[in-house]
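Trainee: Submitted below is the structure of interest, expressed as structure tokens.
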Amino acid sequence: MSVRALVPLLLLASGPPRPGEAEAEVARVRSLAGELAALGVELDARALRIEVRAPGACRADVDRQQDHLFAPGHFDAARVLLGSLGMDGGLSADELRAVAVEATLDTLRAYYQADRGALVLVERAGAVGAEAGEERDRAWLHELAHAWQDRAGGAAGPAAAPGTLERARLLQTVREGHADAVALGVLLARRERELGELDQEDGQEHLAALRVGPAPALPYRHGLALALDAFDRGGWEAVHGLLRAPPASTEQVLHPEKRDDEPTRVRLPLAGELTARAGATRREDTVGELALLSLFLEAGLGWEPAHRAAAGWDGDRLVVLRLPAATEGDDATPGTVEGLAWRSVWDREEDAAQFAEALGALFVGRLRRDGRVVDAAWSADAELERRLTEQLAATPQEELPPAADAESAAALDRDLRAARSVREAQRWLLPRHGLRVPIPEGWELREVRGVPALKRVAPLASGPPGATAGFDDNITVTAARTGDGHTLDELRARNERGLAAVDYLTADGSSSVRLGDRDAFLLRYHGRPPGAVAELSFASLSFLRGGELVTVTGTARRDRWPRVGPTILAALRGVVVEED
């Protein structure tokens with residue numbers, strides 16, 4: 001894995017898009033702001049600067065955003081951390097910052113620039129909002145929500161200083177989840193629905209529109225889940241309350257059942273001559289569970305192993321030292337040496353062991369586990385690495401998590417193991433949903449954007465040139481809460497209405513299906529979602545189980561559907577569902 005692939009894990013890419021105002025865009029933005037008022041998001045769009053810019057003209061804005069997203073010295077510390085993982089790529093801190101900026105520019109659609117109160121709209125291929133109207137509205141509503149956050153303030157508002165990587169990830173997750181919920185709330189209100197009725201198509205399609213991998217999408221996915229949970233507990237007032245009183249850690253975001261699990265304080269004094277030298281610099285940081293999960297996912301660990309490796313986190317502290325060398329160094333770092341000391345604390349010894357095993361496959365320094373504590377030291381200078389290792393061993397961790405944290409971590413570990421999807425012969429087993437899906441010949445159980453899925457890996461026997469390129473035909477499983485008292489017929493009608501309201505999709509028909517003694521319905525549709533490389537065909541099979549609407553969806557390129565479609569439909573009709 002290249003350092004450029006890792007940079008988004010440690011460096012938050014903000015955002016998203018000819019200076020000046022465009023009349024049609026101004027009118028549309030003001031209309032959207034009027035719809036927001038019904039959700040308690042009252043924003044005077046006339047006070048906003050509305051600008052239309054090409055992506056390249058946004059570079060200076062996005063570069064300035066880094067100073068707001070991160071504490072001073074963050075990029076230098078990130079460079080050293082990447083070095084300890086053997087992934088620094090020889091980039092300087094300034095080069096890492098430039099990589100983060102360019103990664104953001106690649107996906108710009110719209111963004112709110114707080115330092116001048118501007119809503120910037122992306123211009124691509126000579127047009128603003130060239131994607132379907134609802135997707136454009138969703139992106140612009142999302143950024144209008146950020147503008148309202150700026151005016152509302154609060155502990156998670158845009159003016160809040162991140163301080164650490166963990167805090168930056170937490171604030172990003174709360175802000176993006178709140179903005180996503182607000183944007184979806186407006187779109188749902190147009191269909192006379194509420195946020196509490198959100199189904200999987202409404203809630204997940206925006207992740208594909210982000211055009212990013214599973215790790216960068218995590219703050220959006222879990223931020224929206226956090227906002228939905230708040231809405232269930234107290235409506236829009238509770239959703240907006242997340243900005244005033246956010247969770248204490250990304251652990252609490254990832255695992256709502258651990259709301260009472262406060263992070264453990266971890267201190268690494270590293271006193272003595274190491275930090276007493278003239279010219280020595282020291283930066284402290286906390287990585288946090290969400291950044292660890294991102295790291296393991298991008299390292300290719302897989303969804304379930306990555307979650308288990310990061311779960312049980314209860315606190316960590318990272319210290320990066322830059323010291324004058326006793327003797328002149330090489331040409332790359334003349335007269336200086338750098339080192340990293342990192343301590344993490346875990347709910348249980350099992351959690352610490354799982355983390356140490358996963359980190360050990362990446363870390364190029366010295367790793368040591370002592371019960372629920374994992375220490376890591378690294379330096380390109382062997383003597384400094386040795387001394388950091390010794391100081392860590394000589395510095396006991398005075399505070400450890402309470403017994404209740406271990407109990408909740410054990411329950412979480414059991415849930416993760418139970419939710420693991422596995423292959424058994426020619427069946428894909430999903431214990432959480434009580435589901436068995438046939439695996440067609442030439443298909444394999446893989447991960448698609450960090451989610452387990454069946455993928456067609458065998459080439460087609462015939463077809464036009466390039467018919468196997470650009471998109472992986474796949475079968476996925478999702479589930480959504482149904483709310484109280486909804487029948488399958490009502491949910492089918494709701495899904496059909498929702499499908500008709502999406503202007504980039506066209507319905508091809510629906511039908512009733514029997515899965516053993518269980519009723520289900522099959523929807524067929526096609527279209528080209530935002531970011532898709534070609535027009536796609538879909539078949540989704542939905543049924544009720546355990547208070548959820550479970551949906552098995554097969555997707556293939558439309559030009560391949562005559563050959564791939566019958567295989568997908570046969571797999572859907574062969575689904576076996578256990579009793580609730």
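Following the order of the structure tokens, chains are lettered A, B, ..., residues in each are numbered from 1, and ligands are numbered from 1.
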For the alpha helix (DSSP H) assignment from backbone DSSP, which residues of segment 76-302 of chain A qualify? Please present them as a PyMOL selection string.
Mentor: chain A and resi 76-84+93-105+133-152+165-190+200-210+214-244+250-254+273-276+289-298
Trainee: As a count of residues only, please: every residue in segment 1-176 of chain A that a backbone DSSP assignment puts in strand (DSSP E).
Mentor: 18
Trainee: Name the closest residue to Leu108 of chain A among the candidates A:Arg423, A:Asp150, A:Arg59, A:Arg494; distances are taken between atoms, counting only C-alpha atoms.
Mentor: A:Arg59
Trainee: Which residue gives the smallest distance to Ser92 of chain A among A:Phe75, A:Trp303, A:Tyr504, A:Tyr220, with only C-alpha atoms counted?
Mentor: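 Under the stated criterion, the closest residue is A:Phe75.
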Trainee: Which residues come within 12 Å of Thr487 of chain A, counting only C-alpha atoms, excluding same-chain residues fewer than 6 positions away, as a PDB file with all heavy atoms, in the first residue's frame?
Mentor:
ATOM      1  N   ALA A 493     -44.603  -0.481  -1.324  1.00  0.00           N
ATOM      2  CA  ALA A 493     -45.138   0.728  -1.950  1.00  0.00           C
ATOM      3  C   ALA A 493     -44.236   1.929  -1.684  1.00  0.00           C
ATOM      4  O   ALA A 493     -44.013   2.766  -2.567  1.00  0.00           O
ATOM      5  CB  ALA A 493     -46.562   1.001  -1.431  1.00  0.00           C
ATOM      6  N   ARG A 494     -43.701   2.007  -0.461  1.00  0.00           N
ATOM      7  CA  ARG A 494     -42.814   3.115  -0.124  1.00  0.00           C
ATOM      8  C   ARG A 494     -41.550   3.060  -0.964  1.00  0.00           C
ATOM      9  O   ARG A 494     -41.064   4.078  -1.470  1.00  0.00           O
ATOM     10  CB  ARG A 494     -42.471   3.068   1.366  1.00  0.00           C
ATOM     11  CG  ARG A 494     -41.785   4.318   1.864  1.00  0.00           C
ATOM     12  CD  ARG A 494     -41.569   4.243   3.353  1.00  0.00           C
ATOM     13  NE  ARG A 494     -40.413   3.416   3.678  1.00  0.00           N
ATOM     14  CZ  ARG A 494     -40.000   3.199   4.916  1.00  0.00           C
ATOM     15  NH1 ARG A 494     -40.675   3.703   5.937  1.00  0.00           N
ATOM     16  NH2 ARG A 494     -38.935   2.469   5.151  1.00  0.00           N
ATOM     17  N   ASP A 519     -43.016 -14.140   2.846  1.00  0.00           N
ATOM     18  CA  ASP A 519     -43.301 -13.268   1.706  1.00  0.00           C
ATOM     19  C   ASP A 519     -42.127 -12.323   1.469  1.00  0.00           C
ATOM     20  O   ASP A 519     -41.437 -11.898   2.410  1.00  0.00           O
ATOM     21  CB  ASP A 519     -44.561 -12.436   1.954  1.00  0.00           C
ATOM     22  CG  ASP A 519     -45.823 -13.280   1.917  1.00  0.00           C
ATOM     23  OD1 ASP A 519     -45.848 -14.244   1.124  1.00  0.00           O
ATOM     24  OD2 ASP A 519     -46.756 -12.982   2.684  1.00  0.00           O
ATOM     25  N   ALA A 520     -41.895 -11.982   0.213  1.00  0.00           N
ATOM     26  CA  ALA A 520     -40.841 -11.033  -0.167  1.00  0.00           C
ATOM     27  C   ALA A 520     -41.298 -10.323  -1.437  1.00  0.00           C
ATOM     28  O   ALA A 520     -42.313 -10.687  -2.047  1.00  0.00           O
ATOM     29  CB  ALA A 520     -39.516 -11.766  -0.398  1.00  0.00           C
ATOM     30  N   PHE A 543     -37.385  -8.576   2.310  1.00  0.00           N
ATOM     31  CA  PHE A 543     -38.311  -9.303   3.179  1.00  0.00           C
ATOM     32  C   PHE A 543     -38.131  -8.800   4.604  1.00  0.00           C
ATOM     33  O   PHE A 543     -37.114  -8.176   4.946  1.00  0.00           O
ATOM     34  CB  PHE A 543     -38.050 -10.811   3.117  1.00  0.00           C
ATOM     35  CG  PHE A 543     -36.626 -11.200   3.416  1.00  0.00           C
ATOM     36  CD1 PHE A 543     -36.208 -11.446   4.713  1.00  0.00           C
ATOM     37  CD2 PHE A 543     -35.693 -11.286   2.388  1.00  0.00           C
ATOM     38  CE1 PHE A 543     -34.903 -11.790   4.988  1.00  0.00           C
ATOM     39  CE2 PHE A 543     -34.388 -11.633   2.654  1.00  0.00           C
ATOM     40  CZ  PHE A 543     -33.979 -11.881   3.965  1.00  0.00           C
ATOM     41  N   LEU A 544     -39.127  -9.060   5.439  1.00  0.00           N
ATOM     42  CA  LEU A 544     -39.087  -8.635   6.839  1.00  0.00           C
ATOM     43  C   LEU A 544     -38.514  -9.746   7.707  1.00  0.00           C
ATOM     44  O   LEU A 544     -38.883 -10.908   7.575  1.00  0.00           O
ATOM     45  CB  LEU A 544     -40.497  -8.286   7.323  1.00  0.00           C
ATOM     46  CG  LEU A 544     -41.071  -6.951   6.836  1.00  0.00           C
ATOM     47  CD1 LEU A 544     -42.555  -6.874   7.158  1.00  0.00           C
ATOM     48  CD2 LEU A 544     -40.314  -5.778   7.455  1.00  0.00           C
ATOM     49  N   ARG A 545     -37.613  -9.369   8.619  1.00  0.00           N
ATOM     50  CA  ARG A 545     -37.092 -10.309   9.604  1.00  0.00           C
ATOM     51  C   ARG A 545     -36.577  -9.528  10.808  1.00  0.00           C
ATOM     52  O   ARG A 545     -35.758  -8.629  10.669  1.00  0.00           O
ATOM     53  CB  ARG A 545     -35.957 -11.166   9.048  1.00  0.00           C
ATOM     54  CG  ARG A 545     -35.489 -12.244  10.031  1.00  0.00           C
ATOM     55  CD  ARG A 545     -34.355 -13.067   9.459  1.00  0.00           C
ATOM     56  NE  ARG A 545     -34.015 -14.174  10.342  1.00  0.00           N
ATOM     57  CZ  ARG A 545     -33.204 -14.067  11.407  1.00  0.00           C
ATOM     58  NH1 ARG A 545     -32.652 -12.894  11.698  1.00  0.00           N
ATOM     59  NH2 ARG A 545     -32.956 -15.112  12.170  1.00  0.00           N
ATOM     60  N   GLY A 547     -37.786  -7.211  12.792  1.00  0.00           N
ATOM     61  CA  GLY A 547     -37.969  -5.764  12.864  1.00  0.00           C
ATOM     62  C   GLY A 547     -37.172  -4.987  11.835  1.00  0.00           C
ATOM     63  O   GLY A 547     -37.084  -3.755  11.926  1.00  0.00           O
ATOM     64  N   GLU A 548     -36.558  -5.679  10.869  1.00  0.00           N
ATOM     65  CA  GLU A 548     -35.789  -5.020   9.829  1.00  0.00           C
ATOM     66  C   GLU A 548     -36.296  -5.444   8.454  1.00  0.00           C
ATOM     67  O   GLU A 548     -36.831  -6.545   8.284  1.00  0.00           O
ATOM     68  CB  GLU A 548     -34.302  -5.381   9.924  1.00  0.00           C
ATOM     69  CG  GLU A 548     -33.593  -4.860  11.157  1.00  0.00           C
ATOM     70  CD  GLU A 548     -32.122  -5.208  11.150  1.00  0.00           C
ATOM     71  OE1 GLU A 548     -31.778  -6.319  10.691  1.00  0.00           O
ATOM     72  OE2 GLU A 548     -31.320  -4.377  11.600  1.00  0.00           O
ATOM     73  N   LEU A 549     -36.126  -4.563   7.485  1.00  0.00           N
ATOM     74  CA  LEU A 549     -36.333  -4.919   6.091  1.00  0.00           C
ATOM     75  C   LEU A 549     -34.964  -5.298   5.539  1.00  0.00           C
ATOM     76  O   LEU A 549     -34.090  -4.453   5.381  1.00  0.00           O
ATOM     77  CB  LEU A 549     -36.922  -3.758   5.300  1.00  0.00           C
ATOM     78  CG  LEU A 549     -37.266  -4.081   3.839  1.00  0.00           C
ATOM     79  CD1 LEU A 549     -38.443  -5.042   3.769  1.00  0.00           C
ATOM     80  CD2 LEU A 549     -37.554  -2.808   3.045  1.00  0.00           C
TER      81      LEU A 549
END
Trainee: Distance atom CA of Tyr111 of chain A-atom CA of His146 of chain A, one decimal place?
Mentor: 8.5 Å
Trainee: Near Leu541 of chain A, within 12 Å and counting only C-alpha atoms, which residues show up once chain neighbours fewer than 5 positions away are dropped, as a PyMOL selection string?
Mentor: chain A and resi 437+475-479+488+492+495+510-515+519-525+549-555+568-576
Trainee: Can you pull out the residues contacting segment 158-172 of chain A? Cut-off 10 Å, using only C-alpha atoms, and skip same-chain residues under 4 positions away; I want them as a PyMOL selection string.
Mentor: chain A and resi 9-12+14+67-72+74+78+114-115+146-154+176-178+218-220+223+243+246-253+284-292+315-318
Trainee: In Å, with one decimal, what is the gap from atom CA of Gln426 of chain A to atom CA of Val451 of chain A?
Mentor: 19.4 Å
Trainee: Between A:Leu362, A:Ala393, A:Ala93, A:Ala24, single out the one closest to Val374 of chain A, counting only C-alpha atoms.
Mentor: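 Result for the nearest residue to Val374 of chain A: A:Ala393.
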Trainee: For segment 36-42 of chain A, work out the shell of residues within 7 Å, counting only C-alpha atoms and skipping chain neighbours fewer than 2 positions away, then give it as a list in words.
Mentor: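 Listed by chain and then number, they are Leu32, Ala33, Gly34, Asp44, Trp148, Val186 and Trp236 of chain A.
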Trainee: Residues within 10 Å of Val80 of chain A, please, as a list of chain:residue names. Count only C-alpha atoms; anything in the same chain fewer than 3 positions from it doesn't count.
Mentor: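 Contacts, in chain order: A:Phe75, A:Asp76, A:Ala77, A:Gly83, A:Ser84, A:Leu85, A:Gly86, A:Met87, A:Asp88, A:Ser92, A:Ala93, A:Val320, A:Leu321, A:Arg322, A:Glu338, A:Gly339, A:Leu340, A:Trp378, A:Ser379, A:Ala380.
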Trainee: Could those selected residues go to a file with N, CA and C atoms, as a PDB file, in the first residue's frame?
Mentor:
ATOM      1  N   PHE A  75       0.965  17.493  10.646  1.00  0.00           N
ATOM      2  CA  PHE A  75       1.505  16.821   9.465  1.00  0.00           C
ATOM      3  C   PHE A  75       2.894  16.261   9.731  1.00  0.00           C
ATOM      4  N   ASP A  76       3.671  16.960  10.556  1.00  0.00           N
ATOM      5  CA  ASP A  76       4.992  16.447  10.892  1.00  0.00           C
ATOM      6  C   ASP A  76       4.864  15.172  11.729  1.00  0.00           C
ATOM      7  N   ALA A  77       3.934  15.178  12.687  1.00  0.00           N
ATOM      8  CA  ALA A  77       3.716  13.976  13.492  1.00  0.00           C
ATOM      9  C   ALA A  77       3.188  12.831  12.633  1.00  0.00           C
ATOM     10  N   GLY A  83       6.211   6.776   9.033  1.00  0.00           N
ATOM     11  CA  GLY A  83       7.545   6.189   8.993  1.00  0.00           C
ATOM     12  C   GLY A  83       7.643   4.956   9.868  1.00  0.00           C
ATOM     13  N   SER A  84       6.977   4.976  11.023  1.00  0.00           N
ATOM     14  CA  SER A  84       7.012   3.817  11.917  1.00  0.00           C
ATOM     15  C   SER A  84       6.267   2.624  11.328  1.00  0.00           C
ATOM     16  N   LEU A  85       5.427   2.893  10.331  1.00  0.00           N
ATOM     17  CA  LEU A  85       4.691   1.825   9.657  1.00  0.00           C
ATOM     18  C   LEU A  85       5.338   1.455   8.326  1.00  0.00           C
ATOM     19  N   GLY A  86       6.492   2.054   8.059  1.00  0.00           N
ATOM     20  CA  GLY A  86       7.197   1.793   6.813  1.00  0.00           C
ATOM     21  C   GLY A  86       6.488   2.349   5.603  1.00  0.00           C
ATOM     22  N   MET A  87       5.717   3.409   5.792  1.00  0.00           N
ATOM     23  CA  MET A  87       4.863   3.919   4.711  1.00  0.00           C
ATOM     24  C   MET A  87       5.007   5.413   4.493  1.00  0.00           C
ATOM     25  N   ASP A  88       6.120   6.003   4.908  1.00  0.00           N
ATOM     26  CA  ASP A  88       6.242   7.452   4.757  1.00  0.00           C
ATOM     27  C   ASP A  88       6.514   7.871   3.323  1.00  0.00           C
ATOM     28  N   SER A  92       7.923  14.818   2.820  1.00  0.00           N
ATOM     29  CA  SER A  92       8.033  15.759   3.924  1.00  0.00           C
ATOM     30  C   SER A  92       6.639  16.087   4.448  1.00  0.00           C
ATOM     31  N   ALA A  93       6.593  16.833   5.577  1.00  0.00           N
ATOM     32  CA  ALA A  93       5.300  17.242   6.127  1.00  0.00           C
ATOM     33  C   ALA A  93       4.531  18.104   5.128  1.00  0.00           C
ATOM     34  N   VAL A 320       5.827  12.226  19.657  1.00  0.00           N
ATOM     35  CA  VAL A 320       6.802  12.321  18.567  1.00  0.00           C
ATOM     36  C   VAL A 320       7.886  13.301  18.996  1.00  0.00           C
ATOM     37  N   LEU A 321       9.129  12.825  18.984  1.00  0.00           N
ATOM     38  CA  LEU A 321      10.275  13.642  19.388  1.00  0.00           C
ATOM     39  C   LEU A 321      11.150  13.957  18.185  1.00  0.00           C
ATOM     40  N   ARG A 322      11.657  15.152  18.155  1.00  0.00           N
ATOM     41  CA  ARG A 322      12.668  15.561  17.172  1.00  0.00           C
ATOM     42  C   ARG A 322      13.811  16.172  17.968  1.00  0.00           C
ATOM     43  N   GLU A 338      14.740  11.529  14.944  1.00  0.00           N
ATOM     44  CA  GLU A 338      13.326  11.552  15.296  1.00  0.00           C
ATOM     45  C   GLU A 338      12.929  10.210  15.879  1.00  0.00           C
ATOM     46  N   GLY A 339      11.961  10.253  16.766  1.00  0.00           N
ATOM     47  CA  GLY A 339      11.485   9.020  17.364  1.00  0.00           C
ATOM     48  C   GLY A 339      10.021   9.119  17.741  1.00  0.00           C
ATOM     49  N   LEU A 340       9.432   7.951  17.969  1.00  0.00           N
ATOM     50  CA  LEU A 340       8.012   7.873  18.305  1.00  0.00           C
ATOM     51  C   LEU A 340       7.832   6.895  19.448  1.00  0.00           C
ATOM     52  N   TRP A 378       9.670   3.561  18.029  1.00  0.00           N
ATOM     53  CA  TRP A 378      10.321   3.512  16.714  1.00  0.00           C
ATOM     54  C   TRP A 378      11.214   4.726  16.508  1.00  0.00           C
ATOM     55  N   SER A 379      12.333   4.499  15.873  1.00  0.00           N
ATOM     56  CA  SER A 379      13.196   5.570  15.383  1.00  0.00           C
ATOM     57  C   SER A 379      14.107   4.980  14.323  1.00  0.00           C
ATOM     58  N   ALA A 380      14.437   5.786  13.334  1.00  0.00           N
ATOM     59  CA  ALA A 380      15.442   5.349  12.361  1.00  0.00           C
ATOM     60  C   ALA A 380      16.811   5.260  13.024  1.00  0.00           C
TER      61      ALA A 380
END
Trainee: So what do you get for atom CA of Gly133 of chain A versus atom CA of Val502 of chain A, distance-wise?
Mentor: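 Computing it gives 9.0 Å between the two atoms.
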